[in-house]
Number of protein chains: 2
Amino acid sequence: MKNMLIIHGGGPTAVLNASLYGAVAAAKASSEVDHVYAAVGGTGAIFTEDFLDLKTIPDEQLEMLPGTPGSAIGTSRYHLEAEDYEKMPAIFEKWNIGYLLVTGGNGSMDTCGKIAKACASAGIDICVGGIPKTMDNDLAVTDHAPGFGSAARYVAETVREVGADVRSLPIHIVIIEVMGRNAGWVAAASALARKHPGDAPHLIYTPEVSFDEEEFLRDAKRLFDEKGGVVVVVSEGLTDKNGKNIVPPLFTIGRSTYYDDVSTYLRDLIVRQLGIKVRNEKPGLCGRASIAFQSPVDREEAILAGKTAAEAVLAGKTGFMVGFRRLDSEEYAVETMLIPVEEVMLDEKKMPRSYLNEAGNDVTEEFIRWAKPLIGGELPDFAHFNG
Amino acid sequence: MKNMLIIHGGGPTAVLNASLYGAVAAAKASSEVDHVYAAVGGTGAIFTEDFLDLKTIPDEQLEMLPGTPGSAIGTSRYHLEAEDYEKMPAIFEKWNIGYLLVTGGNGSMDTCGKIAKACASAGIDICVGGIPKTMDNDLAVTDHAPGFGSAARYVAETVREVGADVRSLPIHIVIIEVMGRNAGWVAAASALARKHPGDAPHLIYTPEVSFDEEEFLRDAKRLFDEKGGVVVVVSEGLTDKNGKNIVPPLFTIGRSTYYDDVSTYLRDLIVRQLGIKVRNEKPGLCGRASIAFQSPVDREEAILAGKTAAEAVLAGKTGFMVGFRRLDSEEYAVETMLIPVEEVMLDEKKMPRSYLNEAGNDVTEEFIRWAKPLIGGELPDFAHFNG
């Protein structure tokens, strides 16, 4: 019997713990696994050997995982160096680790691939697998990744709610900024808020299309004159035609450069150029932590991804990330697949141009068809007296 | 038989339509009321005579009102002048209005009182009543007002969710800005997020206590050094010891002066003074429009307020606003009362000092006891492995 080690990497999603639940359930169901360890607080715990045996956690706590945001075992953005990878095999041997799972986005899959290679070089017998996780949906090859469906539902339902507010008191342009520095999947998903003609969002901007301030001001003004209340959804990262961030950098701490918020920048632009009342909103972390807006499809798929990865390493597979392939069926359905981890390491998936309209200020029907099943059912219906 | 007219004023809440539902249900149940009109889009509709007969709306639509954010009949911030009030009685007579209900905050109650006075001066027989509505909870005399409980639940549940995220990836100070320009009730309600010792929010700032930047930086630094992940909740309006907004004004449009966001201001302060990684979030309108976070107690009380007001005007009462008196019972219970509208007109209720701790950076147990029943039941429980 060998032990399993599970590590979380990068920012949490609304279903990161659901994947943990799936992996732990599969590991507990197997007679091959002795201890199921979690690296507490992410990869750094490998070196401090801060391992929590999840078999000691009461079932009642484990059952709450799929409804718990964040990471119940912690996570990190710890950057591993070449010498860190060299140290790992000895630690894994000491702890009799035979199965290793890393849950995360493309950075974590890079880690996952490098760990697999380091263990192979050291000649230790350990199966390493990746569980996909990203609210941004920027993981390559897989149709989509756990975390995105809930972020998409959050933004769709929130924009529908705010849309009802703005429609009933049409006195301003409201700019809602959502996560997505290089890919616009989450902003695009706000289009799922619409039910009636003219519903919010009225404009959507993503990093995939270069942002033109003049066009934006023209569109915003036209819609404001027509409706009085306009909802604009923007990704946090927008660039101009030269590929430069439209917001100038504010300052740098360590390896991070800070920008002001795109929503603040556009607010000031509207006030100064158009003199129109405007609000800027930024739910930020709320959009990746919300259980109230969790997508039931995303939750089930996250559990499935965890279970599939655990079962795969138990079956001797290594060097993969679990992915989803969409079936060619009338009803939405997916099957899991094991993707060689090199194919997803550090690769950032952007939206295809066909998912965005020609003007670059909205999505296409093709995107809606792709995204709709992921939010897990219809949004709540609201009373709608006129039209 | 006379007709009823219902008017909404000011910004929507998550339960403004629930109050409408209660009023319409009571009016429809009465044999005294012929048409139940809504002034479409607020007080301005009185002069354009844009009245929607709510008896023509299908029941299926009316039943959806309590679960619909915004205002299904519209609302406005239209400022009425003395000559507007003089014009009203003739219009009400023309439309055979015998009962008038105004739903809103202290500004709308001012309108309500002035309409009652104008009708009395003109010698027309019309009963005028107010239905309280404010997410800010700044209405005087009443224990609390519909709209607040849902805004409180939104902020409590959201901060609990974000708290789980920040606890699992403790790399930054997160500043969450919520509504409340002059009163801190909503920011204070974030304290209801806590379940375990050390839970978010870790600091709470409200407009009732003057904000000291040095103390804030000291507290934020100490908590960051201790935890690595800190959640700070701030009201949008914070002032220094001279009563001046801590954020300088940006620009003015019409009667509105624009300030930058407090959360942005504090973010920059932390980065510049402490060099610590920081995020600023501002759910903004999301916090007053969310049905997912609606408080069931708030929803029921909103319906009750609408029903009580309609029944009171039907019984010949005039010049009042419905309020809630909390009963001196072990289980939370309220009774409705009719407050003379002059007692609430334009009066802004702030938090009593006893609801805030001495340092002015948190609430007291007394506030928690007062606020807890209003969010309508326990928040969801999360898995919590250590401690």
# chains A, B, ... in the order shown; residues from 1 in each chain; ligands from 1

$ closest_atom_pairs --of "chain A" --to "chain B" --cutoff "6 Å" --atoms "only C-alpha atoms" --output "Markdown table"
| residue | atom | partner | partner_atom | distance |
| --- | --- | --- | --- | --- |
| A:Gln61 | CA | B:Ala383 | CA | 5.3 |
| A:Met64 | CA | B:Ala383 | CA | 5.2 |
| A:Leu65 | CA | B:Ala383 | CA | 5.7 |
| A:Thr68 | CA | B:Phe382 | CA | 4.9 |
| A:Gly70 | CA | B:Asp165 | CA | 3.9 |
| A:Ser71 | CA | B:Ser168 | CA | 5.2 |
| A:Gly74 | CA | B:Ser168 | CA | 4.2 |
| A:Thr75 | CA | B:Leu169 | CA | 5.5 |
| A:Ser76 | CA | B:Leu169 | CA | 5.8 |
| A:Glu161 | CA | B:Ala289 | CA | 5.5 |
| A:Val162 | CA | B:Ala289 | CA | 5.8 |
| A:Ala164 | CA | B:Gly70 | CA | 5.1 |
| A:Asp165 | CA | B:Gly70 | CA | 3.9 |
| A:Ser168 | CA | B:Gly74 | CA | 4.2 |
| A:Leu169 | CA | B:Thr75 | CA | 5.5 |
| A:Glu281 | CA | B:Gly284 | CA | 5.4 |
| A:Lys282 | CA | B:Lys282 | CA | 4.8 |
| A:Pro283 | CA | B:Pro283 | CA | 4.3 |
| A:Gly284 | CA | B:Glu281 | CA | 5.4 |
| A:Cys286 | CA | B:Val162 | CA | 5.9 |
| A:Ala289 | CA | B:Glu161 | CA | 5.5 |
| A:Phe382 | CA | B:Thr68 | CA | 4.9 |
| A:Ala383 | CA | B:Met64 | CA | 5.2 |

$ select_by_dssp --residues "segment 42-277 of chain B" --states "alpha helix (DSSP H)" --output "ChimeraX atom specification"
/B:44-48,59-62,82-94,106-121,148-168,185-189,213-227,262-274

$ closest_residue --among "A:Ala26, A:Val232, A:Ala189, A:Met1" --to "Ala371 of chain A" --atoms "only C-alpha atoms"
A:Ala189

$ residues_around --residues "Asp125 of chain A" --least-positions-apart "2" --cutoff "7 Å" --atoms "only C-alpha atoms" --output "PyMOL selection string"
chain A and resi 98+123+127

$ write_last_selection --atoms "C-alpha atoms" --output "short mmCIF file (atom, residue, chain, number, x, y, z; two decimals), in the first residue's frame"
data_model
loop_
_atom_site.label_atom_id
_atom_site.label_comp_id
_atom_site.auth_asym_id
_atom_site.auth_seq_id
_atom_site.Cartn_x
_atom_site.Cartn_y
_atom_site.Cartn_z
CA GLY A 98 2.83 6.46 -4.67
CA GLY A 123 13.80 6.64 -10.65
CA CYS A 127 2.09 8.34 -10.56
#

$ atom_distance --atom1 "atom CA of Lys350 of chain B" --atom2 "atom CA of Ser235 of chain B"
12.6 Å

$ residues_around --residues "Asp212 of chain B" --least-positions-apart "3" --cutoff "9 Å" --atoms "only C-alpha atoms" --output "number ranges by chain"
B: 215-217, 239-241

$ atom_distance --atom1 "atom CA of Cys119 of chain B" --atom2 "atom CA of Met88 of chain B"
7.7 Å

$ residues_around --residues "Ala90 of chain A" --least-positions-apart "6" --cutoff "12 Å" --atoms "only C-alpha atoms" --output "list in words"
Ile46, Phe47, Glu49, Asp84, Asn96, Ile97, Ala118, Cys119, Ser121, Ala122, Gly123, Ile124, Asp125 and Ile126 of chain A

$ write_last_selection --atoms "C-alpha atoms" --output "compact mmCIF listing (two decimals), in the first residue's frame"
# COMPACT_ATOMS: atom_id res chain seq x y z
CA ILE A 46 6.24 19.53 0.53
CA PHE A 47 9.43 20.94 2.00
CA GLU A 49 6.37 18.21 5.32
CA ASP A 84 13.04 22.45 -5.33
CA ASN A 96 5.83 6.50 0.84
CA ILE A 97 3.90 8.57 -1.69
CA ALA A 118 11.83 14.93 -11.52
CA CYS A 119 10.40 11.71 -10.04
CA SER A 121 14.67 11.09 -13.35
CA ALA A 122 15.17 10.05 -9.74
CA GLY A 123 13.80 6.64 -10.65
CA ILE A 124 11.06 6.64 -8.02
CA ASP A 125 7.82 4.90 -8.73
CA ILE A 126 5.10 7.54 -8.40

$ select_by_dssp --residues "segment 38-69 of chain B" --states "strand (DSSP E)" --output "PyMOL selection string"
chain B and resi 38-39+51-53

$ closest_residue --among "A:Pro89, A:Ser263, A:Leu139, A:Ala310" --to "Lys117 of chain A" --atoms "only C-alpha atoms"
A:Pro89

$ atom_distance --atom1 "atom CA of Pro207 of chain A" --atom2 "atom CA of Gly104 of chain A"
22.1 Å

$ residues_around --residues "Val186 of chain A" --least-positions-apart "2" --cutoff "8 Å" --atoms "only C-alpha atoms" --output "NGL selection string"
:A and (135-137 or 148 or 151-152 or 155 or 178-180 or 184 or 188-190 or 235)

$ closest_residue --among "A:Leu374, A:Leu379, A:Ala38, A:Ala333" --to "Asp298 of chain A" --atoms "only C-alpha atoms"
A:Leu374

$ residues_around --residues "Asn242 of chain A" --least-positions-apart "4" --cutoff "10 Å" --atoms "only C-alpha atoms" --output "list in words"
Ser210, Phe211 and Ile246 of chain A

$ closest_residue --among "A:Thr142, A:Asn3, A:Thr206, A:Ser30" --to "Val363 of chain A" --atoms "only C-alpha atoms"
A:Thr206

$ closest_residue --among "A:Gly149, A:Pro249, A:Asp219, A:Asp50" --to "Leu192 of chain A" --atoms "only C-alpha atoms"
A:Gly149
